[in-house]
Amino acid sequence: MAKDRKLEEATFAGGCFWCMEAAFLDIEGVINVYSGYTGGWKENPTYEEVCMGSTGHYEAVRVIFDPKKISYDKLLEIFWMNIDPTDPDGQFADRGPQYRTAIFYHNDDQKRKAMKSKEKMEKLGIFKKKIVTEIKKAKEFYRAEEYHQRYCKKHPIEYKNYSISSGRLPFIIKTWKKEKRKESWKNFKKPSEYELRMILTPIQFFVTQENGTEPPFDNEYWNNKEDGIYVDIVSGEPLFSSIDKYDSGSGWPSFKKPLEPENIITKIDLSHGMKRVEVRSKYGDSHLGHLFHDGPPPMGLRYCINSAALRFISVDDLEKEGYKEYLNIFKDKVNKRGK
């Protein structure tokens, strides 16, 4: 048990414990994470014994957390986002009973929440197959050898290569990037850095979270001429419209004005020895680009925006994507198509 009574513990088995440890590390409210073995009958098992599949143990992680800063429900969300719960024989490249998935509850409240979260996952229909993740009572937890603790920190390059080559990271990105887009921007809560790295491509993370700039003329939307709106890649909040987009010759998407001015925040940017006006999104808090005063009349504004900070939604997809209210601004063009 956690020594400090104000702290609690949670135990999850999600295949390779290097990956599960990485999923919970650096999350606000998580005090510590340990890799280890649990669920079996062999006392003080070694890594080699567990790998043979003869001890009954799962590779697992024990998470020590402060419930005042992060809830058990949130830990469950992180768990589901980092596994394939439909695989009964292991996880990704790791095969065998020791790599099966399970939630080990420590009390009745955790059991109830774990069962509820599993039911929620089943109803969401994110995973096309039956969810086979077990919910079991926590047993003795044996810490793995020191070599395995904080593996992702000690060997970052090797860990990154493993998470990709094993198939885990590609699966997570493919599965959850699509699901995150379904969330309503009006109720948006910014994900953790770890979650953002899962749902964003490297260039999207660089631009939106690290105030980066993508190359001109070598980005997705600089020359896009389709009708539709542009939303924040992180939050989905509406930002700009194709009606206000124009060719500035800069190589980046440029707009005369925002679609929703209240979703745009401007700040003075003194980086790189220049004084500029930075443009950020209100709900996503994403770095979008910069505002210049060399645009077309009558306003003379140029919102120079990175494609990597945006997601384009065509007129034909507005209703399906939950932006039906913006169909009206394209009413004339939609009517012409129907004739």
# chains A, B, ... in the order shown; residues from 1 in each chain; ligands from 1
$ residues_around --residues "Lys113 (chain A)" --least-positions-apart "5" --cutoff "12 Å" --atoms "only C-alpha atoms" --output "ChimeraX atom specification"
/A:10,71-77,103-108,118-120,135
$ select_by_dssp --residues "region 12-194 of chain A" --states "strand (DSSP E)" --output "ChimeraX atom specification"
/A:12-14,30-38,58-65,90-91,94-95,101-105,134-137,141-143
$ write_last_selection --atoms "N, CA and C atoms" --output "mmCIF file, in the first residue's frame"
data_model
loop_
_atom_site.group_PDB
_atom_site.id
_atom_site.type_symbol
_atom_site.label_atom_id
_atom_site.label_comp_id
_atom_site.auth_asym_id
_atom_site.auth_seq_id
_atom_site.Cartn_x
_atom_site.Cartn_y
_atom_site.Cartn_z
ATOM 1 N N PHE A 12 -2.184 -1.892 -13.189
ATOM 2 C CA PHE A 12 -2.648 -2.175 -14.547
ATOM 3 C C PHE A 12 -1.666 -3.094 -15.271
ATOM 4 N N ALA A 13 -2.213 -4.031 -16.024
ATOM 5 C CA ALA A 13 -1.413 -4.885 -16.896
ATOM 6 C C ALA A 13 -1.810 -4.564 -18.329
ATOM 7 N N GLY A 14 -0.831 -4.146 -19.115
ATOM 8 C CA GLY A 14 -1.129 -3.767 -20.491
ATOM 9 C C GLY A 14 -0.064 -4.225 -21.463
ATOM 10 N N VAL A 30 0.426 11.922 -10.617
ATOM 11 C CA VAL A 30 1.061 10.604 -10.469
ATOM 12 C C VAL A 30 2.384 10.801 -9.737
ATOM 13 N N ILE A 31 2.513 10.169 -8.587
ATOM 14 C CA ILE A 31 3.697 10.350 -7.747
ATOM 15 C C ILE A 31 4.830 9.425 -8.167
ATOM 16 N N ASN A 32 4.466 8.181 -8.491
ATOM 17 C CA ASN A 32 5.487 7.222 -8.907
ATOM 18 C C ASN A 32 4.852 6.081 -9.683
ATOM 19 N N VAL A 33 5.656 5.432 -10.490
ATOM 20 C CA VAL A 33 5.205 4.275 -11.270
ATOM 21 C C VAL A 33 6.286 3.208 -11.199
ATOM 22 N N TYR A 34 5.878 1.975 -10.914
ATOM 23 C CA TYR A 34 6.830 0.873 -10.825
ATOM 24 C C TYR A 34 6.445 -0.239 -11.794
ATOM 25 N N SER A 35 7.430 -0.799 -12.464
ATOM 26 C CA SER A 35 7.213 -1.974 -13.304
ATOM 27 C C SER A 35 7.354 -3.211 -12.434
ATOM 28 N N GLY A 36 6.542 -4.226 -12.715
ATOM 29 C CA GLY A 36 6.644 -5.419 -11.905
ATOM 30 C C GLY A 36 5.787 -6.562 -12.391
ATOM 31 N N TYR A 37 5.555 -7.507 -11.503
ATOM 32 C CA TYR A 37 4.828 -8.723 -11.838
ATOM 33 C C TYR A 37 3.734 -8.956 -10.798
ATOM 34 N N THR A 38 2.572 -9.393 -11.248
ATOM 35 C CA THR A 38 1.484 -9.653 -10.314
ATOM 36 C C THR A 38 0.468 -10.599 -10.934
ATOM 37 N N TYR A 58 1.411 -11.498 -14.639
ATOM 38 C CA TYR A 58 1.314 -10.539 -15.737
ATOM 39 C C TYR A 58 2.458 -9.541 -15.573
ATOM 40 N N GLU A 59 2.971 -9.014 -16.664
ATOM 41 C CA GLU A 59 3.799 -7.818 -16.571
ATOM 42 C C GLU A 59 2.828 -6.684 -16.274
ATOM 43 N N ALA A 60 3.127 -5.898 -15.257
ATOM 44 C CA ALA A 60 2.181 -4.868 -14.832
ATOM 45 C C ALA A 60 2.906 -3.647 -14.297
ATOM 46 N N VAL A 61 2.145 -2.601 -14.039
ATOM 47 C CA VAL A 61 2.698 -1.405 -13.403
ATOM 48 C C VAL A 61 1.838 -1.055 -12.202
ATOM 49 N N ARG A 62 2.484 -0.589 -11.168
ATOM 50 C CA ARG A 62 1.767 -0.063 -10.011
ATOM 51 C C ARG A 62 1.952 1.444 -10.004
ATOM 52 N N VAL A 63 0.831 2.153 -9.965
ATOM 53 C CA VAL A 63 0.827 3.613 -10.036
ATOM 54 C C VAL A 63 0.453 4.180 -8.671
ATOM 55 N N ILE A 64 1.342 4.994 -8.109
ATOM 56 C CA ILE A 64 1.063 5.689 -6.862
ATOM 57 C C ILE A 64 0.601 7.093 -7.240
ATOM 58 N N PHE A 65 -0.589 7.480 -6.788
ATOM 59 C CA PHE A 65 -1.139 8.756 -7.234
ATOM 60 C C PHE A 65 -1.828 9.519 -6.116
ATOM 61 N N GLY A 90 -2.009 -11.532 -25.765
ATOM 62 C CA GLY A 90 -0.841 -10.694 -25.573
ATOM 63 C C GLY A 90 -1.114 -9.274 -26.030
ATOM 64 N N GLN A 91 -0.049 -8.543 -26.288
ATOM 65 C CA GLN A 91 -0.173 -7.175 -26.770
ATOM 66 C C GLN A 91 0.851 -6.910 -27.866
ATOM 67 N N ASP A 94 4.307 -8.641 -28.441
ATOM 68 C CA ASP A 94 4.561 -9.481 -27.266
ATOM 69 C C ASP A 94 3.427 -10.487 -27.088
ATOM 70 N N ARG A 95 3.765 -11.762 -27.200
ATOM 71 C CA ARG A 95 2.754 -12.811 -27.129
ATOM 72 C C ARG A 95 2.952 -13.666 -25.878
ATOM 73 N N THR A 101 -3.970 -8.235 -20.900
ATOM 74 C CA THR A 101 -4.374 -6.988 -20.256
ATOM 75 C C THR A 101 -5.319 -7.262 -19.088
ATOM 76 N N ALA A 102 -5.169 -6.449 -18.043
ATOM 77 C CA ALA A 102 -6.035 -6.596 -16.871
ATOM 78 C C ALA A 102 -5.987 -5.331 -16.023
ATOM 79 N N ILE A 103 -7.086 -5.080 -15.337
ATOM 80 C CA ILE A 103 -7.147 -4.020 -14.339
ATOM 81 C C ILE A 103 -7.245 -4.716 -12.991
ATOM 82 N N PHE A 104 -6.296 -4.461 -12.096
ATOM 83 C CA PHE A 104 -6.302 -5.071 -10.779
ATOM 84 C C PHE A 104 -6.807 -4.050 -9.769
ATOM 85 N N TYR A 105 -7.996 -4.260 -9.255
ATOM 86 C CA TYR A 105 -8.583 -3.283 -8.343
ATOM 87 C C TYR A 105 -8.124 -3.527 -6.903
ATOM 88 N N GLU A 134 -9.413 -8.223 -18.484
ATOM 89 C CA GLU A 134 -9.983 -8.753 -17.246
ATOM 90 C C GLU A 134 -9.981 -7.700 -16.141
ATOM 91 N N ILE A 135 -10.894 -7.839 -15.201
ATOM 92 C CA ILE A 135 -10.922 -6.999 -14.005
ATOM 93 C C ILE A 135 -10.787 -7.939 -12.822
ATOM 94 N N LYS A 136 -9.663 -7.833 -12.116
ATOM 95 C CA LYS A 136 -9.338 -8.810 -11.086
ATOM 96 C C LYS A 136 -8.907 -8.114 -9.798
ATOM 97 N N LYS A 137 -9.052 -8.813 -8.699
ATOM 98 C CA LYS A 137 -8.620 -8.277 -7.416
ATOM 99 C C LYS A 137 -7.105 -8.238 -7.350
ATOM 100 N N PHE A 141 2.316 -7.583 -5.418
ATOM 101 C CA PHE A 141 3.015 -6.987 -6.557
ATOM 102 C C PHE A 141 4.512 -7.069 -6.286
ATOM 103 N N TYR A 142 5.233 -7.671 -7.239
ATOM 104 C CA TYR A 142 6.673 -7.826 -7.104
ATOM 105 C C TYR A 142 7.371 -6.882 -8.086
ATOM 106 N N ARG A 143 8.161 -5.970 -7.578
ATOM 107 C CA ARG A 143 8.848 -5.033 -8.456
ATOM 108 C C ARG A 143 9.844 -5.769 -9.347
#
$ atom_distance --atom1 "CA of Ser117 (chain A)" --atom2 "CA of Pro85 (chain A)"
12.3 Å
$ residues_around --residues "Ser286 (chain A)" --least-positions-apart "6" --cutoff "7 Å" --atoms "only C-alpha atoms" --output "CSV table (one decimal) with N, CA and C atoms, in the first residue's frame"
chain,number,residue,atom,x,y,z
A,208,THR,N,2.0,23.5,-32.6
A,208,THR,CA,1.0,23.9,-31.7
A,208,THR,C,1.5,24.0,-30.3
A,209,GLN,N,2.4,23.1,-29.9
A,209,GLN,CA,2.8,23.0,-28.5
A,209,GLN,C,4.2,23.7,-28.2
A,280,ARG,N,-3.1,32.6,-31.2
A,280,ARG,CA,-3.3,31.3,-30.5
A,280,ARG,C,-4.8,31.0,-30.5
$ residues_around --residues "region 256-264 of chain A" --least-positions-apart "2" --cutoff "8 Å" --atoms "only C-alpha atoms" --output "PyMOL selection string"
chain A and resi 237-241+244-246+254+266+279-283+295-296+299-303
$ write_last_selection --atoms "C-alpha atoms" --output "PDB file, in the first residue's frame"
ATOM      1  CA  GLU A 237     -12.825  24.883 -32.241  1.00  0.00           C
ATOM      2  CA  PRO A 238     -13.773  26.802 -35.437  1.00  0.00           C
ATOM      3  CA  LEU A 239     -11.132  29.354 -36.425  1.00  0.00           C
ATOM      4  CA  PHE A 240     -11.234  30.395 -40.087  1.00  0.00           C
ATOM      5  CA  SER A 241     -13.311  29.994 -43.249  1.00  0.00           C
ATOM      6  CA  ASP A 244     -11.812  34.663 -45.932  1.00  0.00           C
ATOM      7  CA  LYS A 245      -8.796  32.737 -47.236  1.00  0.00           C
ATOM      8  CA  TYR A 246      -6.624  34.345 -49.889  1.00  0.00           C
ATOM      9  CA  SER A 254      -3.613  33.304 -44.990  1.00  0.00           C
ATOM     10  CA  THR A 266      -3.347  37.465 -29.792  1.00  0.00           C
ATOM     11  CA  VAL A 279      -2.101  34.075 -32.828  1.00  0.00           C
ATOM     12  CA  ARG A 280      -3.342  31.310 -30.510  1.00  0.00           C
ATOM     13  CA  SER A 281      -6.598  29.404 -30.113  1.00  0.00           C
ATOM     14  CA  LYS A 282      -8.671  30.087 -27.012  1.00  0.00           C
ATOM     15  CA  TYR A 283      -9.762  26.579 -26.031  1.00  0.00           C
ATOM     16  CA  GLY A 295      -3.274  42.179 -45.813  1.00  0.00           C
ATOM     17  CA  PRO A 296      -5.935  43.211 -48.336  1.00  0.00           C
ATOM     18  CA  MET A 299      -9.081  45.675 -42.773  1.00  0.00           C
ATOM     19  CA  GLY A 300      -5.529  45.197 -44.033  1.00  0.00           C
ATOM     20  CA  LEU A 301      -5.049  42.106 -41.856  1.00  0.00           C
ATOM     21  CA  ARG A 302      -3.204  38.895 -42.677  1.00  0.00           C
ATOM     22  CA  TYR A 303      -3.625  35.965 -40.334  1.00  0.00           C
TER      23      TYR A 303
END
$ select_by_dssp --residues "region 41-164 of chain A" --states "helix (DSSP H, G or I)" --output "count of residues only"
50
$ decode --residues "region 53-79 of chain A" --atoms "N, CA and C atoms" --output "PDB file, in the first residue's frame"
ATOM      1  N   GLY A  53       6.279 -17.709 -19.058  1.00  0.00           N
ATOM      2  CA  GLY A  53       4.837 -17.906 -18.939  1.00  0.00           C
ATOM      3  C   GLY A  53       4.432 -18.985 -17.975  1.00  0.00           C
ATOM      4  N   SER A  54       5.325 -19.344 -17.060  1.00  0.00           N
ATOM      5  CA  SER A  54       5.033 -20.470 -16.161  1.00  0.00           C
ATOM      6  C   SER A  54       4.740 -20.039 -14.734  1.00  0.00           C
ATOM      7  N   THR A  55       4.675 -18.730 -14.479  1.00  0.00           N
ATOM      8  CA  THR A  55       4.471 -18.239 -13.114  1.00  0.00           C
ATOM      9  C   THR A  55       3.045 -17.751 -12.862  1.00  0.00           C
ATOM     10  N   GLY A  56       2.263 -17.593 -13.935  1.00  0.00           N
ATOM     11  CA  GLY A  56       0.920 -17.054 -13.805  1.00  0.00           C
ATOM     12  C   GLY A  56       0.878 -15.544 -13.688  1.00  0.00           C
ATOM     13  N   HIS A  57       2.062 -14.912 -13.647  1.00  0.00           N
ATOM     14  CA  HIS A  57       2.122 -13.460 -13.475  1.00  0.00           C
ATOM     15  C   HIS A  57       1.914 -12.701 -14.788  1.00  0.00           C
ATOM     16  N   TYR A  58       1.411 -11.498 -14.639  1.00  0.00           N
ATOM     17  CA  TYR A  58       1.314 -10.539 -15.737  1.00  0.00           C
ATOM     18  C   TYR A  58       2.458  -9.541 -15.573  1.00  0.00           C
ATOM     19  N   GLU A  59       2.971  -9.014 -16.664  1.00  0.00           N
ATOM     20  CA  GLU A  59       3.799  -7.818 -16.571  1.00  0.00           C
ATOM     21  C   GLU A  59       2.828  -6.684 -16.274  1.00  0.00           C
ATOM     22  N   ALA A  60       3.127  -5.898 -15.257  1.00  0.00           N
ATOM     23  CA  ALA A  60       2.181  -4.868 -14.832  1.00  0.00           C
ATOM     24  C   ALA A  60       2.906  -3.647 -14.297  1.00  0.00           C
ATOM     25  N   VAL A  61       2.145  -2.601 -14.039  1.00  0.00           N
ATOM     26  CA  VAL A  61       2.698  -1.405 -13.403  1.00  0.00           C
ATOM     27  C   VAL A  61       1.838  -1.055 -12.202  1.00  0.00           C
ATOM     28  N   ARG A  62       2.484  -0.589 -11.168  1.00  0.00           N
ATOM     29  CA  ARG A  62       1.767  -0.063 -10.011  1.00  0.00           C
ATOM     30  C   ARG A  62       1.952   1.444 -10.004  1.00  0.00           C
ATOM     31  N   VAL A  63       0.831   2.153  -9.965  1.00  0.00           N
ATOM     32  CA  VAL A  63       0.827   3.613 -10.036  1.00  0.00           C
ATOM     33  C   VAL A  63       0.453   4.180  -8.671  1.00  0.00           C
ATOM     34  N   ILE A  64       1.342   4.994  -8.109  1.00  0.00           N
ATOM     35  CA  ILE A  64       1.063   5.689  -6.862  1.00  0.00           C
ATOM     36  C   ILE A  64       0.601   7.093  -7.240  1.00  0.00           C
ATOM     37  N   PHE A  65      -0.589   7.480  -6.788  1.00  0.00           N
ATOM     38  CA  PHE A  65      -1.139   8.756  -7.234  1.00  0.00           C
ATOM     39  C   PHE A  65      -1.828   9.519  -6.116  1.00  0.00           C
ATOM     40  N   ASP A  66      -1.958  10.814  -6.336  1.00  0.00           N
ATOM     41  CA  ASP A  66      -2.645  11.696  -5.404  1.00  0.00           C
ATOM     42  C   ASP A  66      -4.059  11.918  -5.919  1.00  0.00           C
ATOM     43  N   PRO A  67      -5.059  11.352  -5.268  1.00  0.00           N
ATOM     44  CA  PRO A  67      -6.441  11.448  -5.760  1.00  0.00           C
ATOM     45  C   PRO A  67      -6.988  12.873  -5.781  1.00  0.00           C
ATOM     46  N   LYS A  68      -6.305  13.795  -5.085  1.00  0.00           N
ATOM     47  CA  LYS A  68      -6.745  15.187  -5.117  1.00  0.00           C
ATOM     48  C   LYS A  68      -6.301  15.875  -6.409  1.00  0.00           C
ATOM     49  N   LYS A  69      -5.326  15.278  -7.086  1.00  0.00           N
ATOM     50  CA  LYS A  69      -4.804  15.879  -8.306  1.00  0.00           C
ATOM     51  C   LYS A  69      -5.176  15.105  -9.563  1.00  0.00           C
ATOM     52  N   ILE A  70      -5.380  13.821  -9.434  1.00  0.00           N
ATOM     53  CA  ILE A  70      -5.794  13.013 -10.584  1.00  0.00           C
ATOM     54  C   ILE A  70      -6.710  11.894 -10.080  1.00  0.00           C
ATOM     55  N   SER A  71      -7.793  11.678 -10.761  1.00  0.00           N
ATOM     56  CA  SER A  71      -8.763  10.678 -10.326  1.00  0.00           C
ATOM     57  C   SER A  71      -8.418   9.292 -10.853  1.00  0.00           C
ATOM     58  N   TYR A  72      -8.964   8.290 -10.209  1.00  0.00           N
ATOM     59  CA  TYR A  72      -8.793   6.918 -10.688  1.00  0.00           C
ATOM     60  C   TYR A  72      -9.445   6.756 -12.059  1.00  0.00           C
ATOM     61  N   ASP A  73     -10.554   7.460 -12.274  1.00  0.00           N
ATOM     62  CA  ASP A  73     -11.217   7.417 -13.580  1.00  0.00           C
ATOM     63  C   ASP A  73     -10.287   7.898 -14.687  1.00  0.00           C
ATOM     64  N   LYS A  74      -9.509   8.935 -14.399  1.00  0.00           N
ATOM     65  CA  LYS A  74      -8.565   9.454 -15.396  1.00  0.00           C
ATOM     66  C   LYS A  74      -7.460   8.436 -15.672  1.00  0.00           C
ATOM     67  N   LEU A  75      -7.008   7.759 -14.644  1.00  0.00           N
ATOM     68  CA  LEU A  75      -5.990   6.719 -14.833  1.00  0.00           C
ATOM     69  C   LEU A  75      -6.541   5.603 -15.712  1.00  0.00           C
ATOM     70  N   LEU A  76      -7.797   5.278 -15.535  1.00  0.00           N
ATOM     71  CA  LEU A  76      -8.433   4.260 -16.367  1.00  0.00           C
ATOM     72  C   LEU A  76      -8.468   4.700 -17.830  1.00  0.00           C
ATOM     73  N   GLU A  77      -8.760   5.972 -18.064  1.00  0.00           N
ATOM     74  CA  GLU A  77      -8.770   6.495 -19.434  1.00  0.00           C
ATOM     75  C   GLU A  77      -7.398   6.336 -20.071  1.00  0.00           C
ATOM     76  N   ILE A  78      -6.354   6.672 -19.325  1.00  0.00           N
ATOM     77  CA  ILE A  78      -4.989   6.547 -19.843  1.00  0.00           C
ATOM     78  C   ILE A  78      -4.681   5.086 -20.155  1.00  0.00           C
ATOM     79  N   PHE A  79      -5.111   4.207 -19.295  1.00  0.00           N
ATOM     80  CA  PHE A  79      -4.895   2.765 -19.510  1.00  0.00           C
ATOM     81  C   PHE A  79      -5.526   2.314 -20.827  1.00  0.00           C
TER      82      PHE A  79
END
